[in-house]
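Containing mmCIF, C-alpha atoms (C1' of nucleotides): model-v1.cif.
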data_model
loop_
_atom_site.group_PDB
_atom_site.id
_atom_site.type_symbol
_atom_site.label_atom_id
_atom_site.label_comp_id
_atom_site.auth_asym_id
_atom_site.auth_seq_id
_atom_site.Cartn_x
_atom_site.Cartn_y
_atom_site.Cartn_z
ATOM 1 C CA MET P 492 0.000 0.000 0.000
ATOM 2 C CA GLY P 493 1.265 3.458 -0.785
ATOM 3 C CA LYS P 494 2.513 5.686 1.984
ATOM 4 C CA GLN P 495 -0.025 8.268 0.891
ATOM 5 C CA THR P 496 -2.831 5.822 1.529
ATOM 6 C CA THR P 497 -1.459 5.027 4.955
ATOM 7 C CA GLU P 498 -1.414 8.660 5.983
ATOM 8 C CA MET P 499 -4.812 9.348 4.507
ATOM 9 C CA LEU P 500 -6.305 6.463 6.443
ATOM 10 C CA LYS P 501 -5.348 8.181 9.662
ATOM 11 C CA GLY P 502 -8.497 9.729 10.943
ATOM 12 C CA THR P 503 -10.718 7.991 8.422
ATOM 13 C CA LEU P 504 -10.139 4.339 9.245
ATOM 14 C CA GLU P 505 -11.915 4.747 12.541
ATOM 15 C CA GLY P 506 -14.965 6.099 10.768
ATOM 16 C CA ILE P 507 -14.771 3.375 8.146
ATOM 17 C CA VAL P 508 -14.761 0.640 10.769
ATOM 18 C CA LEU P 509 -17.643 2.255 12.636
ATOM 19 C CA ALA P 510 -19.507 2.476 9.339
ATOM 20 C CA ILE P 511 -18.938 -1.221 8.767
ATOM 21 C CA LEU P 512 -20.238 -1.942 12.251
ATOM 22 C CA ALA P 513 -23.255 0.242 11.535
ATOM 23 C CA VAL P 514 -24.148 -2.152 8.721
ATOM 24 C CA SER P 515 -23.967 -5.073 11.144
ATOM 25 C CA PRO P 516 -22.013 -6.149 14.245
ATOM 26 C CA ALA P 517 -18.778 -8.010 13.645
ATOM 27 C CA TYR P 518 -15.604 -9.283 15.311
ATOM 28 C CA GLY P 519 -12.057 -8.221 14.569
ATOM 29 C CA TYR P 520 -11.064 -10.900 12.161
ATOM 30 C CA GLU P 521 -14.299 -10.457 10.255
ATOM 31 C CA ILE P 522 -13.863 -6.708 10.078
ATOM 32 C CA THR P 523 -10.449 -7.151 8.526
ATOM 33 C CA ALA P 524 -11.985 -9.445 5.956
ATOM 34 C CA ARG P 525 -14.768 -6.954 5.167
ATOM 35 C CA LEU P 526 -12.230 -4.173 4.776
ATOM 36 C CA ARG P 527 -10.437 -6.279 2.199
ATOM 37 C CA GLU P 528 -13.724 -6.839 0.390
ATOM 38 C CA GLU P 529 -14.352 -3.117 0.419
ATOM 39 C CA GLY P 530 -11.094 -2.615 -1.426
ATOM 40 C CA PHE P 531 -8.797 -1.786 1.478
ATOM 41 C CA SER P 532 -6.731 -4.782 0.617
ATOM 42 C CA ASP P 533 -3.656 -4.215 2.725
ATOM 43 C CA ILE P 534 -4.810 -3.115 6.112
ATOM 44 C CA ALA P 535 -2.839 -4.989 8.758
ATOM 45 C CA GLU P 536 -4.726 -7.065 11.293
ATOM 46 C CA GLY P 537 -2.775 -5.493 14.114
ATOM 47 C CA THR P 538 -4.069 -2.105 13.026
ATOM 48 C CA VAL P 539 -7.672 -3.225 13.256
ATOM 49 C CA TYR P 540 -7.306 -4.794 16.689
ATOM 50 C CA ALA P 541 -5.589 -1.722 18.074
ATOM 51 C CA LEU P 542 -8.317 0.472 16.637
ATOM 52 C CA LEU P 543 -11.037 -1.715 18.145
ATOM 53 C CA VAL P 544 -9.439 -1.409 21.562
ATOM 54 C CA ARG P 545 -9.464 2.360 21.167
ATOM 55 C CA ILE P 546 -13.082 2.712 20.159
ATOM 56 C CA GLU P 547 -14.101 0.302 22.912
ATOM 57 C CA GLN P 548 -12.290 2.367 25.529
ATOM 58 C CA ARG P 549 -14.006 5.485 24.240
ATOM 59 C CA GLY P 550 -17.346 3.768 24.656
ATOM 60 C CA LEU P 551 -18.363 3.951 21.004
ATOM 61 C CA VAL P 552 -19.098 0.222 20.788
ATOM 62 C CA ASP P 553 -20.468 -2.564 22.962
ATOM 63 C CA VAL P 554 -18.558 -5.831 23.185
ATOM 64 C CA GLU P 555 -19.736 -9.392 23.635
ATOM 65 C CA LYS P 556 -17.622 -12.517 23.799
ATOM 66 C CA VAL P 557 -18.955 -15.309 21.646
ATOM 67 C CA PRO P 558 -17.400 -18.796 21.528
ATOM 68 C CA SER P 559 -16.203 -19.892 18.110
ATOM 69 C CA GLU P 560 -16.200 -23.371 16.604
ATOM 70 C CA LYS P 561 -12.820 -22.552 15.203
ATOM 71 C CA GLY P 562 -10.155 -20.903 17.318
ATOM 72 C CA PRO P 563 -10.455 -18.696 20.391
ATOM 73 C CA PRO P 564 -13.636 -16.833 21.385
ATOM 74 C CA ARG P 565 -14.656 -13.927 19.195
ATOM 75 C CA LYS P 566 -15.139 -10.414 20.470
ATOM 76 C CA VAL P 567 -18.205 -9.149 18.673
ATOM 77 C CA TYR P 568 -18.451 -5.371 18.426
ATOM 78 C CA THR P 569 -21.764 -3.538 18.135
ATOM 79 C CA ILE P 570 -22.000 0.191 17.543
ATOM 80 C CA ASN P 571 -23.963 1.965 20.292
ATOM 81 C CA ALA P 572 -25.676 5.333 20.617
ATOM 82 C CA GLN P 573 -22.468 7.190 21.336
ATOM 83 C CA GLY P 574 -20.789 5.493 18.409
ATOM 84 C CA GLY P 575 -23.713 6.455 16.212
ATOM 85 C CA ALA P 576 -23.326 10.086 17.220
ATOM 86 C CA TYR P 577 -19.616 9.916 16.526
ATOM 87 C CA LEU P 578 -20.309 8.421 13.132
ATOM 88 C CA GLU P 579 -22.739 11.215 12.324
ATOM 89 C CA GLU P 580 -20.035 13.726 13.166
ATOM 90 C CA PHE P 581 -17.614 11.749 11.047
ATOM 91 C CA TRP P 582 -19.812 12.036 7.979
ATOM 92 C CA GLY P 583 -20.090 15.754 8.558
ATOM 93 C CA THR P 584 -16.346 16.235 8.822
ATOM 94 C CA TRP P 585 -15.771 13.998 5.840
ATOM 95 C CA SER P 586 -18.258 15.830 3.649
ATOM 96 C CA PHE P 587 -16.688 19.144 4.540
ATOM 97 C CA LEU P 588 -13.216 17.955 3.639
ATOM 98 C CA ALA P 589 -14.310 16.123 0.506
ATOM 99 C CA GLU P 590 -16.093 19.197 -0.811
ATOM 100 C CA ARG P 591 -13.115 21.531 -0.366
ATOM 101 C CA ILE P 592 -10.729 19.074 -1.930
ATOM 102 C CA GLU P 593 -13.043 18.392 -4.826
ATOM 103 C CA GLN P 594 -13.285 22.120 -5.414
ATOM 104 C CA LEU P 595 -9.518 22.472 -5.468
ATOM 105 C CA HIS P 596 -9.212 19.533 -7.810
ATOM 106 C CA GLN P 597 -11.665 20.989 -10.265
ATOM 107 C CA ARG P 598 -10.054 24.396 -10.149
ATOM 108 C CA ILE P 599 -6.721 22.886 -11.101
ATOM 109 C CA GLU P 600 -8.106 20.658 -13.831
ATOM 110 C CA GLN P 601 -9.757 23.723 -15.309
ATOM 111 C CA ARG P 602 -6.527 25.708 -15.160
ATOM 112 C CA THR P 603 -4.593 22.890 -16.795
ATOM 113 C CA ASN P 604 -7.098 22.689 -19.624
ATOM 114 C CA GLU P 605 -7.060 26.418 -20.213
ATOM 115 C CA GLU P 606 -3.292 26.345 -20.471
ATOM 116 C CA GLY P 607 -3.502 23.666 -23.109
ATOM 117 C CA GLU P 608 -5.720 25.781 -25.328
ATOM 118 C CA MET V 366 -11.186 22.713 15.137
ATOM 119 C CA GLY V 367 -12.612 19.299 15.850
ATOM 120 C CA LYS V 368 -10.247 16.489 16.674
ATOM 121 C CA GLN V 369 -11.748 14.506 13.811
ATOM 122 C CA THR V 370 -10.790 17.213 11.359
ATOM 123 C CA THR V 371 -7.257 17.278 12.694
ATOM 124 C CA GLU V 372 -6.818 13.570 12.217
ATOM 125 C CA MET V 373 -8.452 13.580 8.816
ATOM 126 C CA LEU V 374 -6.097 16.281 7.620
ATOM 127 C CA LYS V 375 -3.186 13.932 8.118
ATOM 128 C CA GLY V 376 -2.052 12.881 4.723
ATOM 129 C CA THR V 377 -4.407 15.251 2.947
ATOM 130 C CA LEU V 378 -3.087 18.616 4.058
ATOM 131 C CA GLU V 379 0.109 18.006 2.151
ATOM 132 C CA GLY V 380 -1.863 17.388 -1.014
ATOM 133 C CA ILE V 381 -4.041 20.406 -0.356
ATOM 134 C CA VAL V 382 -1.040 22.686 -0.014
ATOM 135 C CA LEU V 383 0.560 21.278 -3.146
ATOM 136 C CA ALA V 384 -2.724 21.830 -4.942
ATOM 137 C CA ILE V 385 -2.737 25.441 -3.817
ATOM 138 C CA LEU V 386 0.822 25.830 -5.079
ATOM 139 C CA ALA V 387 -0.229 24.262 -8.367
ATOM 140 C CA VAL V 388 -2.648 27.150 -8.835
ATOM 141 C CA SER V 389 0.185 29.614 -8.277
ATOM 142 C CA PRO V 390 3.417 29.921 -6.265
ATOM 143 C CA ALA V 391 3.131 31.331 -2.771
ATOM 144 C CA TYR V 392 4.964 31.835 0.505
ATOM 145 C CA GLY V 393 4.083 30.371 3.878
ATOM 146 C CA TYR V 394 2.126 33.221 5.323
ATOM 147 C CA GLU V 395 0.159 33.559 2.104
ATOM 148 C CA ILE V 396 -0.591 29.845 1.989
ATOM 149 C CA THR V 397 -2.038 29.987 5.478
ATOM 150 C CA ALA V 398 -4.244 32.863 4.357
ATOM 151 C CA ARG V 399 -5.399 30.952 1.271
ATOM 152 C CA LEU V 400 -6.203 27.922 3.370
ATOM 153 C CA ARG V 401 -8.418 30.073 5.544
ATOM 154 C CA GLU V 402 -10.150 31.399 2.438
ATOM 155 C CA GLU V 403 -10.703 27.853 1.251
ATOM 156 C CA GLY V 404 -12.570 27.126 4.455
ATOM 157 C CA PHE V 405 -9.817 25.536 6.522
ATOM 158 C CA SER V 406 -10.210 28.282 9.047
ATOM 159 C CA ASP V 407 -8.257 26.917 11.954
ATOM 160 C CA ILE V 408 -5.043 25.540 10.576
ATOM 161 C CA ALA V 409 -2.153 26.734 12.723
ATOM 162 C CA GLU V 410 0.639 28.648 11.047
ATOM 163 C CA GLY V 411 3.202 26.413 12.677
ATOM 164 C CA THR V 412 1.603 23.440 10.963
ATOM 165 C CA VAL V 413 1.944 25.001 7.531
ATOM 166 C CA TYR V 414 5.571 25.962 7.973
ATOM 167 C CA ALA V 415 6.516 22.513 9.215
ATOM 168 C CA LEU V 416 4.770 20.980 6.223
ATOM 169 C CA LEU V 417 6.595 23.311 3.829
ATOM 170 C CA VAL V 418 9.943 22.259 5.276
ATOM 171 C CA ARG V 419 8.976 18.638 4.707
ATOM 172 C CA ILE V 420 7.945 19.011 1.090
ATOM 173 C CA GLU V 421 11.007 21.116 0.411
ATOM 174 C CA GLN V 422 13.289 18.422 1.810
ATOM 175 C CA ARG V 423 11.555 15.841 -0.345
ATOM 176 C CA GLY V 424 12.228 17.974 -3.388
ATOM 177 C CA LEU V 425 8.579 18.483 -4.330
ATOM 178 C CA VAL V 426 8.934 22.264 -4.491
ATOM 179 C CA ASP V 427 11.494 24.868 -5.512
ATOM 180 C CA VAL V 428 12.223 27.727 -3.137
ATOM 181 C CA GLU V 429 13.211 31.309 -3.781
ATOM 182 C CA LYS V 430 13.866 34.019 -1.226
ATOM 183 C CA VAL V 431 12.152 37.263 -2.047
ATOM 184 C CA PRO V 432 12.584 40.443 0.020
ATOM 185 C CA SER V 433 9.392 41.812 1.513
ATOM 186 C CA GLU V 434 8.434 45.447 2.046
ATOM 187 C CA LYS V 435 7.001 44.361 5.332
ATOM 188 C CA GLY V 436 8.857 42.023 7.625
ATOM 189 C CA PRO V 437 11.484 39.410 6.940
ATOM 190 C CA PRO V 438 12.167 37.939 3.471
ATOM 191 C CA ARG V 439 9.557 35.611 2.071
ATOM 192 C CA LYS V 440 10.268 32.072 1.010
ATOM 193 C CA VAL V 441 8.286 31.608 -2.164
ATOM 194 C CA TYR V 442 7.441 27.988 -2.962
ATOM 195 C CA THR V 443 6.867 26.742 -6.496
ATOM 196 C CA ILE V 444 5.717 23.230 -7.266
ATOM 197 C CA ASN V 445 8.170 21.386 -9.556
ATOM 198 C CA ALA V 446 7.961 18.305 -11.773
ATOM 199 C CA GLN V 447 8.413 15.892 -8.896
ATOM 200 C CA GLY V 448 5.790 17.745 -6.906
ATOM 201 C CA GLY V 449 3.460 17.543 -9.879
ATOM 202 C CA ALA V 450 3.910 13.802 -10.053
ATOM 203 C CA TYR V 451 3.280 13.518 -6.339
ATOM 204 C CA LEU V 452 0.135 15.591 -6.695
ATOM 205 C CA GLU V 453 -1.109 13.322 -9.482
ATOM 206 C CA GLU V 454 -0.602 10.347 -7.197
ATOM 207 C CA PHE V 455 -2.390 12.233 -4.456
ATOM 208 C CA TRP V 456 -5.490 12.716 -6.583
ATOM 209 C CA GLY V 457 -5.469 9.013 -7.381
ATOM 210 C CA THR V 458 -5.208 7.988 -3.757
ATOM 211 C CA TRP V 459 -7.826 10.506 -2.764
ATOM 212 C CA SER V 460 -10.299 9.388 -5.416
ATOM 213 C CA PHE V 461 -9.857 5.780 -4.376
ATOM 214 C CA LEU V 462 -10.525 6.558 -0.738
ATOM 215 C CA ALA V 463 -13.368 8.965 -1.446
ATOM 216 C CA GLU V 464 -15.148 6.412 -3.612
ATOM 217 C CA ARG V 465 -15.015 3.636 -1.019
ATOM 218 C CA ILE V 466 -16.159 5.897 1.751
ATOM 219 C CA GLU V 467 -18.947 7.344 -0.343
ATOM 220 C CA GLN V 468 -20.095 3.811 -1.114
ATOM 221 C CA LEU V 469 -20.168 2.918 2.557
ATOM 222 C CA HIS V 470 -22.039 6.095 3.354
ATOM 223 C CA GLN V 471 -24.706 5.414 0.780
ATOM 224 C CA ARG V 472 -25.105 1.809 1.888
ATOM 225 C CA ILE V 473 -25.789 2.950 5.431
ATOM 226 C CA GLU V 474 -28.167 5.738 4.444
ATOM 227 C CA GLN V 475 -30.082 3.198 2.408
ATOM 228 C CA ARG V 476 -30.222 0.759 5.310
ATOM 229 C CA THR V 477 -31.403 3.463 7.678
ATOM 230 C CA ASN V 478 -34.187 4.477 5.302
ATOM 231 C CA GLU V 479 -35.334 0.897 4.804
ATOM 232 C CA GLU V 480 -35.578 0.466 8.546
ATOM 233 C CA GLY V 481 -37.772 3.524 8.789
ATOM 234 C CA GLU V 482 -40.289 2.134 6.312
ATOM 235 C "C1'" DT J 841 13.207 56.922 21.428
ATOM 236 C "C1'" DT J 842 10.289 53.247 22.845
ATOM 237 C "C1'" DC J 843 6.354 50.634 22.268
ATOM 238 C "C1'" DT J 844 2.837 48.424 19.763
ATOM 239 C "C1'" DG J 845 1.155 45.928 15.791
ATOM 240 C "C1'" DC J 846 1.503 43.495 11.561
ATOM 241 C "C1'" DT J 847 4.171 40.569 8.556
ATOM 242 C "C1'" DA J 848 6.953 36.267 8.246
ATOM 243 C "C1'" DT J 849 9.555 32.288 9.717
ATOM 244 C "C1'" DT J 850 11.382 28.740 12.957
ATOM 245 C "C1'" DC J 851 11.468 25.287 16.551
ATOM 246 C "C1'" DA J 852 10.802 22.183 20.661
ATOM 247 C "C1'" DG J 853 7.611 19.264 22.699
ATOM 248 C "C1'" DT J 854 3.129 16.552 22.597
ATOM 249 C "C1'" DG J 855 -0.552 13.258 21.209
ATOM 250 C "C1'" DT J 856 -2.803 10.385 17.848
ATOM 251 C "C1'" DT J 857 -2.513 7.164 14.510
ATOM 252 C "C1'" DG J 858 -1.326 3.177 11.416
ATOM 253 C "C1'" DC J 859 2.405 -0.256 10.457
ATOM 254 C "C1'" DT J 860 5.667 -4.026 11.442
ATOM 255 C "C1'" DA J 861 6.688 -7.919 13.805
ATOM 256 C "C1'" DT J 862 5.927 -11.070 17.071
ATOM 257 C "C1'" DC J 863 3.421 -13.737 20.400
ATOM 258 C "C1'" DT J 864 -0.370 -16.439 22.426
ATOM 259 C "C1'" DA J 865 -4.202 -19.558 21.815
ATOM 260 C "C1'" DC J 866 -7.691 -22.841 19.927
ATOM 261 C "C1'" DC J 867 -9.073 -26.314 16.682
ATOM 262 C "C1'" DG J 868 -9.176 -29.978 12.829
ATOM 263 C "C1'" DG J 869 -6.863 -32.833 9.593
ATOM 264 C "C1'" DT J 870 -2.795 -35.364 8.158
ATOM 265 C "C1'" DA D 1361 2.752 -34.787 17.045
ATOM 266 C "C1'" DC D 1362 2.630 -31.287 13.672
ATOM 267 C "C1'" DC D 1363 0.775 -27.753 10.615
ATOM 268 C "C1'" DG D 1364 -2.488 -24.446 8.755
ATOM 269 C "C1'" DG D 1365 -6.288 -21.529 9.454
ATOM 270 C "C1'" DT D 1366 -8.849 -18.851 12.802
ATOM 271 C "C1'" DA D 1367 -8.701 -15.198 16.450
ATOM 272 C "C1'" DG D 1368 -6.723 -11.805 19.405
ATOM 273 C "C1'" DA D 1369 -2.958 -8.947 21.884
ATOM 274 C "C1'" DT D 1370 1.160 -6.058 22.224
ATOM 275 C "C1'" DA D 1371 5.673 -3.488 21.968
ATOM 276 C "C1'" DG D 1372 8.254 -0.355 19.301
ATOM 277 C "C1'" DC D 1373 8.440 2.759 15.381
ATOM 278 C "C1'" DA D 1374 7.534 6.620 12.008
ATOM 279 C "C1'" DA D 1375 4.660 10.248 10.215
ATOM 280 C "C1'" DC D 1376 1.957 14.032 10.960
ATOM 281 C "C1'" DA D 1377 -0.745 18.067 12.883
ATOM 282 C "C1'" DC D 1378 -1.082 20.981 17.018
ATOM 283 C "C1'" DT D 1379 0.424 24.125 20.779
ATOM 284 C "C1'" DG D 1380 3.139 27.736 22.269
ATOM 285 C "C1'" DA D 1381 6.841 30.448 22.136
ATOM 286 C "C1'" DA D 1382 10.741 32.723 20.115
ATOM 287 C "C1'" DT D 1383 12.934 35.446 16.493
ATOM 288 C "C1'" DA D 1384 13.085 39.107 13.066
ATOM 289 C "C1'" DG D 1385 11.936 43.192 10.193
ATOM 290 C "C1'" DC D 1386 9.451 47.340 9.493
ATOM 291 C "C1'" DA D 1387 5.873 51.231 10.232
ATOM 292 C "C1'" DG D 1388 3.392 54.356 12.863
ATOM 293 C "C1'" DA D 1389 1.844 55.991 17.531
ATOM 294 C "C1'" DA D 1390 2.911 57.482 22.246
#

Whole structure, structure tokens version:
Amino acid sequence: MGKQTTEMLKGTLEGIVLAILAVSPAYGYEITARLREEGFSDIAEGTVYALLVRIEQRGLVDVEKVPSEKGPPRKVYTINAQGGAYLEEFWGTWSFLAERIEQLHQRIEQRTNEEGE
Amino acid sequence: MGKQTTEMLKGTLEGIVLAILAVSPAYGYEITARLREEGFSDIAEGTVYALLVRIEQRGLVDVEKVPSEKGPPRKVYTINAQGGAYLEEFWGTWSFLAERIEQLHQRIEQRTNEEGE
DNA sequence: TTCTGCTATTCAGTGTTGCTATCTACCGGT
DNA sequence: ACCGGTAGATAGCAACACTGAATAGCAGAA
């Protein structure tokens, strides 16, 4: 994965994971798998587990231990009210940023085209 | 500024500044001002200067000292070929991320609406 | 002159975050 | 008994944005 991607994920990965949990509860290993399905192919497992610990400590998710047929018990994470509020805020922040950047992008594309004419 | 915004800026602010420089060369103080105009109202000056040092050391910009009528000489930054390439990559990375997140967002909005019906 | 205010840059220290690498642990099949 | 897949935890590292303060030059007011 590019270094740019890594840095850009900072601050967004948390929201992405919460968004995934908003679709349906999941445990760490599963979340990693879903991330890969979503196209985030190279997110390290360690990263996800560390992130889950963080959002649990902040009280954004509820946790339940569920025995697994295969391997050790799973920690299933469910987004709660506080997490929902945080996610709402996340979308707001994201939209703000995305709009400004999109504007900049378009302004430059325009400039580049004008130069070419 | 919200903590979410701060974290989200990581990895994007660099691209944003390069994008601003792609529109036209500028010096630090001016860049801060432009950022505020663009809507990034609370970015600290110290942050911008530190970032400029970084991109200069990576050779993404050319620097020229220009005397100022007011205050100390200005360091005018111009984006160069390498910086242009980096910026191209930035747009790619950004588009990738923005698409995935937008997808997730829409999936959740949809789900929420279905629930309400 | 001295002080204040604006322009302009620099720097040390801090906190958050994602990555790497490694470790533990449980289970089924060979 | 061993290995591969499932599942989770952790220590150390690097990158980045923020805070707060210091430095520096010049103009006009007190």

_Contacts from chain J to chain V, 8 Å maximum, all atoms listed in the file: show me the residue list as a PyMOL selection string._
chain J and resi 847-849+856

Writing out the chosen residues with C-alpha atoms (C1' of nucleotides) as a short mmCIF file (atom, residue, chain, number, x, y, z; two decimals), in the coordinates of the input:
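And here's result00.cif as it stands now:
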data_model
loop_
_atom_site.label_atom_id
_atom_site.label_comp_id
_atom_site.auth_asym_id
_atom_site.auth_seq_id
_atom_site.Cartn_x
_atom_site.Cartn_y
_atom_site.Cartn_z
"C1'" DT J 847 4.17 40.57 8.56
"C1'" DA J 848 6.95 36.27 8.25
"C1'" DT J 849 9.56 32.29 9.72
"C1'" DT J 856 -2.80 10.38 17.85
#

_Please list, as a PyMOL selection string, the residues that have an atom at most 8 Å away from (6.8, 1.9, 16.3) in the coordinates of this file, counting all atoms listed in the file._
(chain J and resi 859-860) or (chain D and resi 1371-1374)

*Within 8 Å of chain P, which residues of chain D show up when using all atoms listed in the file, listed as a list in words?*
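Every residue of chain D that passes the 8 Å test is in DT1366, DA1367, DG1368, DA1369 and DA1375 of chain D.
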
*Taking the file above as input, evaluate the PyMOL selection byres ((chain V) within 10 of (chain P)) and report the hits as a VMD selection string.*
chain V and resid 367 to 381 384 to 385 387 to 388 403 to 405 451 454 to 463 465 to 470 472 to 474 476 to 477

_Between CA of Asn445 (chain V) and CA of Glu464 (chain V), what is the distance in Å, rounded to a tenth?_
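Atom-to-atom, CA of Asn445 (chain V) to CA of Glu464 (chain V), that is 28.3 Å.
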
*What does the distance between CA of Leu416 (chain V) and C1' of DA1381 (chain D) come to in Å, to one decimal place?*
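A separation of 18.6 Å between them.
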
*Could you expand the PyMOL selection byres ((chain J and resi 863) around 10) into the explicit residues it covers here, written as a count of residues only?*
6

*Could you jot down the CA of Val441 (chain V) to CA of Val428 (chain V) separation for me, Å, one decimal place?*
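Distance reported for this atom pair: 5.6 Å.
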
*Would you please work out which residue, of P:Ser515, P:Ser532, P:Gln548, P:Thr538, is nearest to Ile570 (chain P) when using all atoms listed in the file?*
P:Ser515

*Within 12 Å of DG1388 (chain D), counting all atoms listed in the file, which residues qualify if same-chain residues fewer than 6 places away don't, as a list in words?*
DC843, DT844, DG845 and DC846 of chain J

Given 5 Å of margin on each side, can you work out the centre and size in Å (one decimal) of an axis-aligned box holding every listed atom of region 1369-1380 of chain D, as AutoDock Vina command-line options?
--center_x 2.7 --center_y 9.4 --center_z 16.2 --size_x 21.4 --size_y 46.7 --size_z 22.1

*Resolved residues for the PyMOL selection byres ((chain V and resi 446) around 12) as a ChimeraX atom specification*: /V:383,387,424-427,443-445,447-453

_Counting only C-alpha atoms (C1' of nucleotides), the residue of V:Ala398, V:Ala409, V:Pro390, V:Arg423 that sits nearest DG1380 (chain D)_ = V:Ala409
